[in-house]
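Just entry-v4.txt here, compact mmCIF, C-alpha atoms:
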# COMPACT_ATOMS: atom_id res chain seq x y z
CA MET A 1 125.46 157.81 174.04
CA ALA A 2 122.84 160.14 175.56
CA VAL A 3 121.84 163.20 173.50
CA THR A 4 121.34 166.39 175.51
CA GLY A 5 121.16 170.16 175.18
CA PRO A 6 120.61 171.84 171.76
CA ILE A 7 120.67 168.53 169.90
CA THR A 8 117.65 167.35 171.92
CA ALA A 9 115.78 170.50 170.95
CA ILE A 10 116.60 170.01 167.26
CA LEU A 11 115.44 166.41 167.32
CA SER A 12 112.18 167.51 168.95
CA ILE A 13 111.58 169.99 166.13
CA VAL A 14 112.25 167.30 163.53
CA ALA A 15 109.84 164.92 165.25
CA GLY A 16 107.14 167.57 165.23
CA LEU A 17 107.66 168.30 161.54
CA ILE A 18 107.37 164.62 160.71
CA ALA A 19 104.27 164.04 162.80
CA ALA A 20 102.27 167.12 161.84
CA PRO A 21 101.80 166.38 158.11
CA GLU A 22 100.32 162.97 158.91
CA LEU A 23 97.62 164.58 161.09
CA VAL A 24 96.83 167.11 158.38
CA TRP A 25 96.72 164.35 155.74
CA ALA A 26 94.31 162.24 157.79
CA THR A 27 91.94 165.21 158.12
CA THR A 28 92.19 165.94 154.39
CA LEU A 29 91.26 162.36 153.48
CA LYS A 30 88.11 162.55 155.62
CA THR A 31 87.11 165.83 154.01
CA GLU A 32 87.68 164.47 150.48
CA THR A 33 85.67 161.33 151.25
CA ALA A 34 82.74 163.54 152.24
CA LEU A 35 83.12 165.62 149.07
CA ASN A 36 82.95 162.56 146.80
CA THR A 37 80.04 160.61 148.27
CA ASP A 38 78.61 160.09 144.78
CA ASN A 39 81.74 158.10 143.82
CA GLN A 40 82.29 160.28 140.78
CA GLU A 41 85.44 159.17 138.99
CA VAL A 42 88.49 161.33 139.73
CA GLN A 43 91.03 160.94 136.95
CA LEU A 44 94.73 161.35 137.55
CA PHE A 45 95.40 163.82 134.77
CA GLY A 46 92.01 163.93 133.09
CA LEU A 47 89.42 166.69 132.90
CA VAL A 48 86.86 165.25 135.33
CA ASP A 49 85.77 168.03 137.74
CA PRO A 50 84.03 166.49 140.79
CA ASN A 51 83.82 169.88 142.49
CA PRO A 52 83.05 172.51 139.83
CA GLY A 53 83.27 176.20 140.56
CA LEU A 54 86.03 176.04 143.17
CA GLU A 55 87.80 179.33 143.62
CA LEU A 56 91.56 178.97 143.35
CA LYS A 57 93.40 181.17 145.80
CA MET A 58 97.14 181.60 145.89
CA THR A 59 98.93 181.39 149.19
CA GLY A 60 102.49 182.33 149.87
CA PRO A 61 105.13 179.69 150.54
CA PHE A 62 104.89 178.07 153.95
CA GLU A 63 107.58 178.90 156.48
CA LEU A 64 109.64 175.75 156.91
CA ILE A 65 112.48 175.03 159.26
CA THR A 66 115.33 173.65 157.17
CA LEU A 67 118.10 171.65 158.78
CA ASP A 68 120.86 171.25 156.20
CA PHE A 69 123.22 168.59 157.52
CA ALA A 70 124.71 167.63 154.17
CA GLY A 71 125.87 169.01 150.87
CA GLU A 72 124.65 167.79 147.49
CA PRO A 73 121.71 165.33 147.82
CA ASP A 74 122.27 161.73 146.76
CA ASP A 75 118.94 161.37 144.95
CA VAL A 76 117.34 163.60 142.36
CA TRP A 77 114.10 164.11 144.30
CA ALA A 78 115.92 165.67 147.25
CA ASN A 79 117.74 167.96 144.85
CA ILE A 80 114.47 168.99 143.20
CA ARG A 81 112.90 169.68 146.60
CA LYS A 82 115.76 172.07 147.37
CA GLY A 83 114.83 174.14 144.32
CA PHE A 84 111.10 174.51 145.01
CA SER A 85 110.37 178.24 145.02
CA MET A 86 106.97 178.83 143.40
CA PRO A 87 104.02 180.02 145.55
CA ASP A 88 102.04 177.11 146.95
CA LEU A 89 98.39 176.60 146.19
CA ASP A 90 96.17 175.29 149.00
CA THR A 91 92.66 174.62 147.67
CA GLN A 92 90.04 171.90 147.45
CA ALA A 93 91.05 171.44 143.80
CA VAL A 94 94.58 170.48 144.90
CA ARG A 95 93.21 167.96 147.39
CA VAL A 96 91.05 166.41 144.68
CA ARG A 97 94.21 165.91 142.60
CA GLU A 98 96.05 164.50 145.61
CA ARG A 99 93.25 161.98 146.00
CA ALA A 100 93.65 161.05 142.34
CA LEU A 101 97.34 160.34 142.96
CA LEU A 102 96.41 158.15 145.92
CA LYS A 103 93.91 156.16 143.84
CA ASN A 104 96.45 155.53 141.08
CA LYS A 105 99.60 154.60 142.94
CA ARG A 106 100.78 152.03 140.40
CA LEU A 107 100.43 154.47 137.51
CA VAL A 108 102.23 157.15 139.55
CA ARG A 109 105.12 154.80 140.41
CA ASN A 110 105.50 153.81 136.76
CA MET A 111 105.45 157.43 135.70
CA LEU A 112 108.10 158.40 138.27
CA GLN A 113 110.28 155.46 137.21
CA ARG A 114 109.86 156.37 133.53
CA SER A 115 111.33 159.80 134.23
CA GLU A 116 114.72 158.43 135.30
CA PRO A 117 116.63 158.95 132.02
CA PHE A 118 115.42 162.55 131.74
CA ILE A 119 114.60 164.12 135.12
CA TYR A 120 118.16 164.89 136.30
CA PHE A 121 119.01 166.68 133.06
CA ILE A 122 115.82 168.77 133.15
CA ALA A 123 116.28 169.69 136.81
CA GLN A 124 119.87 170.77 136.11
CA GLU A 125 118.78 172.90 133.15
CA CYS A 126 116.24 174.65 135.39
CA ALA A 127 118.93 175.25 138.02
CA LYS A 128 121.38 176.67 135.46
CA ARG A 129 118.78 179.27 134.47
CA GLY A 130 117.76 180.05 138.05
CA MET A 131 114.24 178.76 137.37
CA PRO A 132 112.03 177.03 139.99
CA SER A 133 112.58 173.29 140.11
CA GLU A 134 108.80 172.77 140.03
CA LEU A 135 109.15 173.29 136.27
CA ALA A 136 111.11 170.03 136.05
CA LEU A 137 107.86 168.30 137.05
CA LEU A 138 105.85 169.75 134.16
CA PRO A 139 106.51 166.78 131.81
CA PHE A 140 104.64 164.61 134.34
CA ILE A 141 101.58 166.77 133.76
CA GLU A 142 102.09 167.25 130.03
CA SER A 143 103.04 163.74 128.92
CA GLN A 144 103.47 161.50 131.97
CA PHE A 145 107.15 161.59 130.97
CA ASN A 146 106.50 159.65 127.79
CA PRO A 147 108.61 161.23 124.99
CA HIS A 148 106.37 159.56 122.40
CA ALA A 149 103.14 161.02 123.83
CA ARG A 150 100.90 162.63 121.20
CA SER A 151 97.77 164.66 121.92
CA PRO A 152 94.62 165.04 119.75
CA SER A 153 95.91 168.53 118.85
CA ALA A 154 99.13 166.96 117.45
CA ALA A 155 101.29 168.09 120.39
CA GLU A 156 104.24 165.74 120.86
CA GLY A 157 107.07 164.93 123.23
CA LEU A 158 107.76 165.38 126.93
CA TRP A 159 106.80 169.06 126.76
CA GLN A 160 103.89 168.62 124.30
CA PHE A 161 104.77 171.21 121.67
CA ILE A 162 102.24 171.66 118.88
CA PRO A 163 103.86 171.95 115.42
CA SER A 164 103.55 175.74 115.10
CA THR A 165 104.97 176.52 118.56
CA GLY A 166 107.73 174.00 117.95
CA ARG A 167 108.74 175.81 114.78
CA GLN A 168 108.56 179.14 116.60
CA PHE A 169 111.21 177.82 119.00
CA ASP A 170 113.40 176.29 116.28
CA LEU A 171 112.46 172.65 116.78
CA LYS A 172 113.07 170.76 113.52
CA GLN A 173 110.16 168.66 112.26
CA ASN A 174 110.74 166.68 109.08
CA LYS A 175 110.94 163.17 107.70
CA TRP A 176 114.11 162.33 109.62
CA VAL A 177 113.80 164.08 112.98
CA ASP A 178 111.15 165.63 115.19
CA GLU A 179 112.92 167.66 117.84
CA ARG A 180 109.71 168.04 119.82
CA ARG A 181 110.57 164.53 121.00
CA ASP A 182 114.29 165.29 121.42
CA LEU A 183 115.17 165.67 125.11
CA VAL A 184 117.86 168.32 124.79
CA ALA A 185 116.23 170.41 122.06
CA SER A 186 112.70 170.31 123.48
CA THR A 187 113.85 171.11 127.02
CA ARG A 188 115.78 174.11 125.73
CA ALA A 189 112.70 175.26 123.82
CA ALA A 190 110.32 174.70 126.75
CA LEU A 191 112.48 176.64 129.20
CA ASP A 192 112.95 179.42 126.63
CA TYR A 193 109.17 179.62 126.24
CA LEU A 194 108.52 179.56 129.99
CA THR A 195 111.12 182.30 130.52
CA TYR A 196 109.38 184.39 127.85
CA LEU A 197 106.00 183.85 129.53
CA TYR A 198 107.33 184.71 132.98
CA ASP A 199 108.90 187.90 131.65
CA MET A 200 105.51 188.76 130.14
CA HIS A 201 103.54 188.31 133.38
CA GLY A 202 106.08 188.50 136.23
CA ASP A 203 104.15 185.61 137.81
CA TRP A 204 104.87 181.89 137.51
CA HIS A 205 101.23 180.82 137.85
CA LEU A 206 100.17 183.08 134.99
CA ALA A 207 103.16 181.83 132.98
CA LEU A 208 102.02 178.23 133.51
CA LEU A 209 98.44 179.04 132.54
CA SER A 210 99.80 180.62 129.35
CA TYR A 211 101.90 177.53 128.62
CA ASN A 212 98.77 175.40 128.84
CA TRP A 213 96.15 177.68 127.26
CA GLY A 214 98.19 180.08 125.12
CA GLU A 215 99.61 183.49 125.90
CA GLY A 216 96.97 185.38 123.93
CA SER A 217 94.09 183.67 125.74
CA VAL A 218 95.55 184.37 129.17
CA LEU A 219 96.27 188.01 128.29
CA LYS A 220 92.60 188.43 127.30
CA ALA A 221 91.45 186.80 130.56
CA VAL A 222 93.78 189.06 132.57
CA LYS A 223 92.49 192.18 130.77
CA LYS A 224 88.87 191.13 131.34
CA ALA A 225 89.51 190.74 135.07
CA GLN A 226 91.29 194.09 135.27
CA ASP A 227 88.50 195.83 133.33
CA ALA A 228 86.10 194.50 135.98
CA GLY A 229 88.28 196.01 138.70
CA LEU A 230 89.69 192.66 139.80
CA GLN A 231 93.25 191.57 140.40
CA PRO A 232 94.39 188.99 137.81
CA THR A 233 94.71 186.19 140.36
CA LEU A 234 93.77 182.59 139.65
CA GLY A 235 90.41 182.89 141.35
CA ASN A 236 89.46 185.96 139.32
CA LEU A 237 90.29 184.63 135.85
CA GLU A 238 87.75 182.95 133.58
CA LEU A 239 89.53 179.79 132.47
CA PRO A 240 88.54 176.64 130.60
CA GLN A 241 88.26 173.50 132.70
CA GLU A 242 91.58 171.95 131.68
CA THR A 243 93.52 175.14 132.39
CA ARG A 244 91.72 175.70 135.69
CA HIS A 245 93.07 172.35 136.92
CA TYR A 246 96.56 172.69 135.42
CA ILE A 247 98.23 174.27 138.45
CA PRO A 248 96.37 172.10 141.01
CA LYS A 249 97.74 169.05 139.17
CA LEU A 250 101.27 170.40 139.42
CA GLN A 251 100.79 171.36 143.07
CA ALA A 252 99.52 167.88 143.98
CA LEU A 253 102.53 166.31 142.31
CA LYS A 254 104.83 168.80 144.05
CA ASN A 255 103.26 167.79 147.39
CA LEU A 256 103.93 164.14 146.56
CA ILE A 257 107.60 164.82 145.83
CA GLN A 258 107.85 167.02 148.92
CA SER A 259 106.23 164.53 151.32
CA PRO A 260 105.80 161.04 149.80
CA GLU A 261 105.03 159.59 153.23
CA ARG A 262 101.73 161.51 153.20
CA PHE A 263 100.75 159.46 150.16
CA ASP A 264 102.03 156.22 151.69
CA MET A 265 104.50 156.01 148.82
CA THR A 266 108.23 155.61 148.39
CA LEU A 267 109.80 157.51 145.52
CA PRO A 268 111.90 155.37 143.15
CA GLU A 269 115.63 155.64 143.67
CA VAL A 270 116.98 157.97 140.98
CA PRO A 271 120.61 159.03 141.48
CA ASN A 272 121.36 162.73 141.46
CA LYS A 273 123.84 162.42 138.62
CA PRO A 274 123.84 162.37 134.80
CA TYR A 275 122.12 159.40 133.17
CA PHE A 276 123.53 159.93 129.67
CA ALA A 277 126.49 161.30 127.74
CA GLU A 278 126.32 163.36 124.55
CA ILE A 279 128.34 162.25 121.51
CA LYS A 280 128.77 164.76 118.69
CA ARG A 281 128.97 163.34 115.16
CA ASN A 282 129.58 164.85 111.73
CA GLY A 283 128.60 161.72 109.81
CA ASP A 284 125.54 159.50 109.50
CA ILE A 285 125.15 156.66 112.00
CA ASP A 286 123.05 153.53 111.72
CA LEU A 287 122.02 152.85 115.32
CA ARG A 288 121.41 149.17 114.54
CA GLU A 289 125.02 148.69 113.48
CA ILE A 290 126.35 150.66 116.45
CA ALA A 291 124.29 148.55 118.85
CA ARG A 292 125.64 145.37 117.21
CA LEU A 293 129.25 146.50 117.38
CA ALA A 294 128.91 147.69 120.99
CA GLY A 295 127.06 144.57 122.11
CA VAL A 296 124.11 146.51 123.57
CA GLU A 297 120.41 146.36 122.81
CA LEU A 298 119.20 148.77 120.15
CA GLU A 299 116.35 149.89 122.40
CA ILE A 300 118.88 151.19 124.95
CA ILE A 301 120.13 153.70 122.38
CA ARG A 302 116.75 154.49 120.81
CA LYS A 303 115.21 155.20 124.23
CA LEU A 304 117.41 158.27 124.64
CA ASN A 305 116.99 159.46 121.05
CA PRO A 306 113.19 159.48 120.51
CA GLY A 307 113.46 162.47 118.18
CA LEU A 308 114.86 160.26 115.39
CA ASN A 309 112.11 159.10 113.05
CA GLN A 310 114.26 156.19 111.85
CA PRO A 311 116.95 154.08 113.55
CA VAL A 312 119.53 156.27 111.87
CA LEU A 313 121.12 159.57 112.90
CA TYR A 314 121.53 161.79 109.85
CA ALA A 315 124.24 164.36 110.49
CA ALA A 316 122.54 166.87 108.20
CA HIS A 317 119.57 166.98 110.58
CA SER A 318 120.97 166.02 113.99
CA ASN A 319 124.58 165.79 115.11
CA THR A 320 124.16 164.63 118.72
CA LEU A 321 123.64 161.09 119.96
CA LEU A 322 122.64 160.48 123.58
CA VAL A 323 123.90 157.24 125.13
CA PRO A 324 123.67 155.85 128.68
CA ILE A 325 126.81 156.64 130.64
CA GLU A 326 127.18 153.01 131.70
CA HIS A 327 127.47 151.98 128.02
CA SER A 328 129.20 155.09 126.67
CA ALA A 329 132.72 153.63 126.59
CA LYS A 330 131.61 150.61 124.51
CA ILE A 331 129.53 152.77 122.18
CA ARG A 332 132.37 155.26 121.62
CA ALA A 333 134.69 152.35 120.78
CA SER A 334 132.12 150.94 118.35
CA LEU A 335 131.87 154.33 116.63
CA LYS A 336 135.58 154.22 115.85
CA GLU A 337 135.20 150.78 114.27
CA TYR A 338 132.06 151.91 112.48
CA LYS A 339 133.85 154.90 110.96
CA THR A 340 136.43 152.58 109.42
CA GLN A 341 133.78 150.28 108.00
CA LYS A 342 131.59 153.01 106.55
CA ALA A 343 133.99 155.05 104.45
CA GLN A 344 132.22 157.23 101.85
CA ARG A 345 131.93 155.71 98.39
CA SER A 346 132.13 157.58 95.12
CA TYR A 347 131.48 156.82 91.45
CA THR A 348 132.65 158.52 88.25
CA VAL A 349 129.85 158.76 85.70
CA LYS A 350 130.54 156.97 82.41
CA LYS A 351 129.04 157.60 79.00
CA GLY A 352 125.56 156.16 78.79
CA ASP A 353 125.02 156.00 82.57
CA THR A 354 121.69 157.01 84.04
CA LEU A 355 120.88 157.79 87.66
CA GLY A 356 118.47 154.87 87.72
CA GLU A 357 121.16 152.42 86.60
CA ILE A 358 123.72 153.81 89.09
CA ALA A 359 121.19 153.65 91.91
CA GLN A 360 120.36 150.04 91.07
CA ARG A 361 124.05 149.11 90.85
CA PHE A 362 124.72 150.39 94.41
CA ASP A 363 121.34 149.35 95.83
CA VAL A 364 120.28 152.87 96.76
CA SER A 365 117.40 155.06 95.60
CA VAL A 366 117.52 157.72 92.90
CA LYS A 367 116.21 160.26 95.41
CA ALA A 368 119.08 159.47 97.78
CA LEU A 369 121.61 160.03 94.97
CA GLN A 370 119.97 163.31 93.98
CA ARG A 371 119.78 164.59 97.55
CA LEU A 372 123.36 163.67 98.48
CA ASN A 373 124.78 165.23 95.34
CA GLY A 374 122.54 168.27 95.15
CA LEU A 375 120.91 167.18 91.91
CA GLY A 376 117.48 168.50 91.04
CA SER A 377 114.95 166.31 89.27
CA LYS A 378 115.76 168.01 85.93
CA LYS A 379 119.54 168.19 86.32
CA LEU A 380 121.35 165.73 84.04
CA ILE A 381 124.50 163.84 84.87
CA LYS A 382 127.47 163.94 82.50
CA PRO A 383 130.43 161.63 81.84
CA GLY A 384 133.33 162.43 84.17
CA MET A 385 131.07 163.76 86.91
CA LYS A 386 131.89 162.30 90.38
CA LEU A 387 128.95 161.19 92.45
CA SER A 388 128.95 160.43 96.19
CA ILE A 389 127.16 157.16 96.88
CA PRO A 390 125.00 156.82 100.03
CA ASN A 391 125.97 153.99 102.36
CA ASN A 392 122.33 152.83 102.46
CA LEU A 393 121.91 155.34 105.26
CA ALA A 394 121.24 158.66 103.60
CA PRO A 395 117.62 159.92 103.64
CA GLY A 396 115.72 158.33 100.79
CA SER A 397 117.97 155.26 100.39
CA ARG A 398 116.39 151.84 100.10
CA GLU A 399 116.99 150.99 103.77
CA SER A 400 115.42 154.20 104.99

Before anything else, please render the file you have as structure tokens.
Amino acid sequence: MAVTGPITAILSIVAGLIAAPELVWATTLKTETALNTDNQEVQLFGLVDPNPGLELKMTGPFELITLDFAGEPDDVWANIRKGFSMPDLDTQAVRVRERALLKNKRLVRNMLQRSEPFIYFIAQECAKRGMPSELALLPFIESQFNPHARSPSAAEGLWQFIPSTGRQFDLKQNKWVDERRDLVASTRAALDYLTYLYDMHGDWHLALLSYNWGEGSVLKAVKKAQDAGLQPTLGNLELPQETRHYIPKLQALKNLIQSPERFDMTLPEVPNKPYFAEIKRNGDIDLREIARLAGVELEIIRKLNPGLNQPVLYAAHSNTLLVPIEHSAKIRASLKEYKTQKAQRSYTVKKGDTLGEIAQRFDVSVKALQRLNGLGSKKLIKPGMKLSIPNNLAPGSRES
């Protein structure tokens, strides 16, 4: 059927919008080739600076014509694009980072695919708080969406919290859990921190610089610029090399998500729906036994619970288990069976008993007995005293 009238005009606009970025991208590639004639290595997320001294200038968001023909997007990337609201950066430094993405397509694809279990949840948490969806892309820059990433400064997890900042935002770090690697806890902490930094500066770029370099350092740089009669914009701040490239990295990645065709890439299909379910528990769980009872691979469960330092969830330190939605019914059923199997044991102390003998009898450690029963190293047991016996799961037992 022929298309006429207003529909023809709309289709013409769409065609123009699709064609224009390709022309711009072709010009950009020629410019970047000229800038890098010495073949200096451009790392994807490294600190190599092939064009030192570039002034970073902020530009306002481009005016785009949006044709909204549908409701909720089917894939997570489209949903994230809808929430982009931070000022765009258009500098040579951004184009250098775009070139790095182009040169490392396989790494980029793997990184995007690795985000699947986590990206929907993070984007939704940003939306709930009314925060720009660009922030959901920060774990790409911080950790390449590897929850086990660890930096030389001992920062860990998707959001790369150092120990002291993690404690400041109530992230537990002990022998049994490290919530810097926990998806739910670390995302809550990161968004709390970013909200605090935005409230401090009233500017998302300054908030991001503070997240990377530290709030105190950025405040000093802002004051130095103001004392010199300058506005505290990106181009006027004295920043270390890594921080100077932090926002260009994020902008390049944002451009990739916004227009993957410019990078000759196809984004992996990630549904715009929850990947996992949360199961609350008030008792210890051995993930190995749960996996066996549910008939699923242990790694499927461990992948979503990287904050656990052992393949056991200790209720005293963490009461939430994340499981893939597609396996949640089987895992919930296995938990019911597991609860029946793992009833708490107890023992009444007899005359002549020692903690060492009781621990050996039940194949647990003395420390596990002491911890579970609140016994200090100097507290003696007495006949008639009832002791709870760990099910080889409590912290400090032989299996842990």

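As for CA of Thr91 (chain A) and CA of Tyr246 (chain A), they are spaced 13.0 Å apart.
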
> Near Ser318 (chain A), within 12 Å and counting all atoms listed in the file, which residues show up once chain neighbours fewer than 5 positions away are dropped, as a list of chain:residue names?
Replying inline: A:Leu171, A:Lys172, A:Gln173, A:Asn174, A:Trp176, A:Val177, A:Asp178, A:Glu179, A:Asp182, A:Val184, A:Ala185, A:Ile279, A:Lys280, A:Arg281, A:Asn282, A:Gly283, A:Asp284, A:Ile285, A:Asn305, A:Gly307, A:Leu308, A:Asn309, A:Val312, A:Leu313

Hey, what's within 12 Å of region 234-237 of chain A if we count only C-alpha atoms and toss same-chain stuff fewer than 3 positions away? As an mmCIF file with C-alpha atoms, keeping the file's coordinate frame, please?
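Once everything was written out, this is around.cif:
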data_model
loop_
_atom_site.group_PDB
_atom_site.id
_atom_site.type_symbol
_atom_site.label_atom_id
_atom_site.label_comp_id
_atom_site.auth_asym_id
_atom_site.auth_seq_id
_atom_site.Cartn_x
_atom_site.Cartn_y
_atom_site.Cartn_z
ATOM 1 C CA GLY A 53 83.270 176.200 140.560
ATOM 2 C CA LEU A 54 86.030 176.040 143.170
ATOM 3 C CA GLU A 55 87.800 179.330 143.620
ATOM 4 C CA LEU A 56 91.560 178.970 143.350
ATOM 5 C CA LYS A 57 93.400 181.170 145.800
ATOM 6 C CA MET A 58 97.140 181.600 145.890
ATOM 7 C CA THR A 59 98.930 181.390 149.190
ATOM 8 C CA LEU A 89 98.390 176.600 146.190
ATOM 9 C CA THR A 91 92.660 174.620 147.670
ATOM 10 C CA ALA A 93 91.050 171.440 143.800
ATOM 11 C CA ASP A 203 104.150 185.610 137.810
ATOM 12 C CA TRP A 204 104.870 181.890 137.510
ATOM 13 C CA HIS A 205 101.230 180.820 137.850
ATOM 14 C CA LEU A 206 100.170 183.080 134.990
ATOM 15 C CA ALA A 207 103.160 181.830 132.980
ATOM 16 C CA LEU A 208 102.020 178.230 133.510
ATOM 17 C CA LEU A 209 98.440 179.040 132.540
ATOM 18 C CA SER A 217 94.090 183.670 125.740
ATOM 19 C CA VAL A 218 95.550 184.370 129.170
ATOM 20 C CA LEU A 219 96.270 188.010 128.290
ATOM 21 C CA LYS A 220 92.600 188.430 127.300
ATOM 22 C CA ALA A 221 91.450 186.800 130.560
ATOM 23 C CA VAL A 222 93.780 189.060 132.570
ATOM 24 C CA LYS A 223 92.490 192.180 130.770
ATOM 25 C CA LYS A 224 88.870 191.130 131.340
ATOM 26 C CA ALA A 225 89.510 190.740 135.070
ATOM 27 C CA GLN A 226 91.290 194.090 135.270
ATOM 28 C CA ASP A 227 88.500 195.830 133.330
ATOM 29 C CA ALA A 228 86.100 194.500 135.980
ATOM 30 C CA GLY A 229 88.280 196.010 138.700
ATOM 31 C CA LEU A 230 89.690 192.660 139.800
ATOM 32 C CA GLN A 231 93.250 191.570 140.400
ATOM 33 C CA PRO A 240 88.540 176.640 130.600
ATOM 34 C CA GLN A 241 88.260 173.500 132.700
ATOM 35 C CA THR A 243 93.520 175.140 132.390
ATOM 36 C CA ARG A 244 91.720 175.700 135.690
ATOM 37 C CA HIS A 245 93.070 172.350 136.920
ATOM 38 C CA TYR A 246 96.560 172.690 135.420
ATOM 39 C CA ILE A 247 98.230 174.270 138.450
ATOM 40 C CA PRO A 248 96.370 172.100 141.010
#

> CA of Lys303 (chain A) and CA of Leu287 (chain A), how far apart in Å?
Replying inline: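 Spanning CA of Leu287 (chain A) to CA of Lys303 (chain A) is a straight-line distance of 11.5 Å.
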
> Hey, can you check how far CA of Trp213 (chain A) sits from CA of Ser186 (chain A)?
Replying inline: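 If I compute the distance from CA of Trp213 (chain A) to CA of Ser186 (chain A), I get 18.5 Å.
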
Which centre and which edge lengths, in Å to one decimal, describe the axis-aligned box that holds all listed atoms of region 269-280 of chain A after 4 Å is added on each side, as lines of an AutoDock Vina configuration file?
center_x = 122.2
center_y = 160.2
center_z = 131.2
size_x = 21.1
size_y = 17.1
size_z = 33.0

Saved region 76-90 of chain A from the preceding structure, N, CA and C atoms, as a PDB file, in the first residue's frame:
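Now in out_5.pdb:
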ATOM      1  N   VAL A  76      17.018  -4.275  26.976  1.00  0.00           N
ATOM      2  CA  VAL A  76      17.478  -3.397  28.042  1.00  0.00           C
ATOM      3  C   VAL A  76      18.212  -2.176  27.504  1.00  0.00           C
ATOM      4  N   TRP A  77      18.887  -2.319  26.358  1.00  0.00           N
ATOM      5  CA  TRP A  77      19.643  -1.196  25.811  1.00  0.00           C
ATOM      6  C   TRP A  77      18.709  -0.067  25.382  1.00  0.00           C
ATOM      7  N   ALA A  78      17.590  -0.420  24.768  1.00  0.00           N
ATOM      8  CA  ALA A  78      16.620   0.611  24.374  1.00  0.00           C
ATOM      9  C   ALA A  78      16.069   1.322  25.603  1.00  0.00           C
ATOM     10  N   ASN A  79      15.845   0.564  26.667  1.00  0.00           N
ATOM     11  CA  ASN A  79      15.342   1.166  27.895  1.00  0.00           C
ATOM     12  C   ASN A  79      16.374   2.110  28.512  1.00  0.00           C
ATOM     13  N   ILE A  80      17.639   1.713  28.473  1.00  0.00           N
ATOM     14  CA  ILE A  80      18.706   2.570  28.994  1.00  0.00           C
ATOM     15  C   ILE A  80      18.811   3.844  28.163  1.00  0.00           C
ATOM     16  N   ARG A  81      18.721   3.706  26.837  1.00  0.00           N
ATOM     17  CA  ARG A  81      18.787   4.894  25.975  1.00  0.00           C
ATOM     18  C   ARG A  81      17.704   5.903  26.326  1.00  0.00           C
ATOM     19  N   LYS A  82      16.524   5.410  26.678  1.00  0.00           N
ATOM     20  CA  LYS A  82      15.421   6.310  27.038  1.00  0.00           C
ATOM     21  C   LYS A  82      15.751   7.160  28.263  1.00  0.00           C
ATOM     22  N   GLY A  83      16.632   6.654  29.124  1.00  0.00           N
ATOM     23  CA  GLY A  83      16.940   7.355  30.363  1.00  0.00           C
ATOM     24  C   GLY A  83      18.184   8.217  30.313  1.00  0.00           C
ATOM     25  N   PHE A  84      18.845   8.291  29.135  1.00  0.00           N
ATOM     26  CA  PHE A  84      20.020   9.152  29.035  1.00  0.00           C
ATOM     27  C   PHE A  84      19.617  10.609  29.272  1.00  0.00           C
ATOM     28  N   SER A  85      20.298  11.272  30.196  1.00  0.00           N
ATOM     29  CA  SER A  85      19.930  12.660  30.494  1.00  0.00           C
ATOM     30  C   SER A  85      21.106  13.524  30.924  1.00  0.00           C
ATOM     31  N   MET A  86      22.318  12.961  30.950  1.00  0.00           N
ATOM     32  CA  MET A  86      23.490  13.741  31.337  1.00  0.00           C
ATOM     33  C   MET A  86      23.979  14.565  30.149  1.00  0.00           C
ATOM     34  N   PRO A  87      24.622  15.707  30.401  1.00  0.00           N
ATOM     35  CA  PRO A  87      25.178  16.513  29.300  1.00  0.00           C
ATOM     36  C   PRO A  87      26.186  15.692  28.503  1.00  0.00           C
ATOM     37  N   ASP A  88      26.132  15.831  27.183  1.00  0.00           N
ATOM     38  CA  ASP A  88      27.073  15.110  26.328  1.00  0.00           C
ATOM     39  C   ASP A  88      28.398  15.840  26.261  1.00  0.00           C
ATOM     40  N   LEU A  89      29.433  15.073  26.048  1.00  0.00           N
ATOM     41  CA  LEU A  89      30.779  15.601  25.894  1.00  0.00           C
ATOM     42  C   LEU A  89      31.205  15.325  24.457  1.00  0.00           C
ATOM     43  N   ASP A  90      31.674  16.348  23.748  1.00  0.00           N
ATOM     44  CA  ASP A  90      32.076  16.186  22.351  1.00  0.00           C
ATOM     45  C   ASP A  90      33.488  16.729  22.185  1.00  0.00           C
TER      46      ASP A  90
END
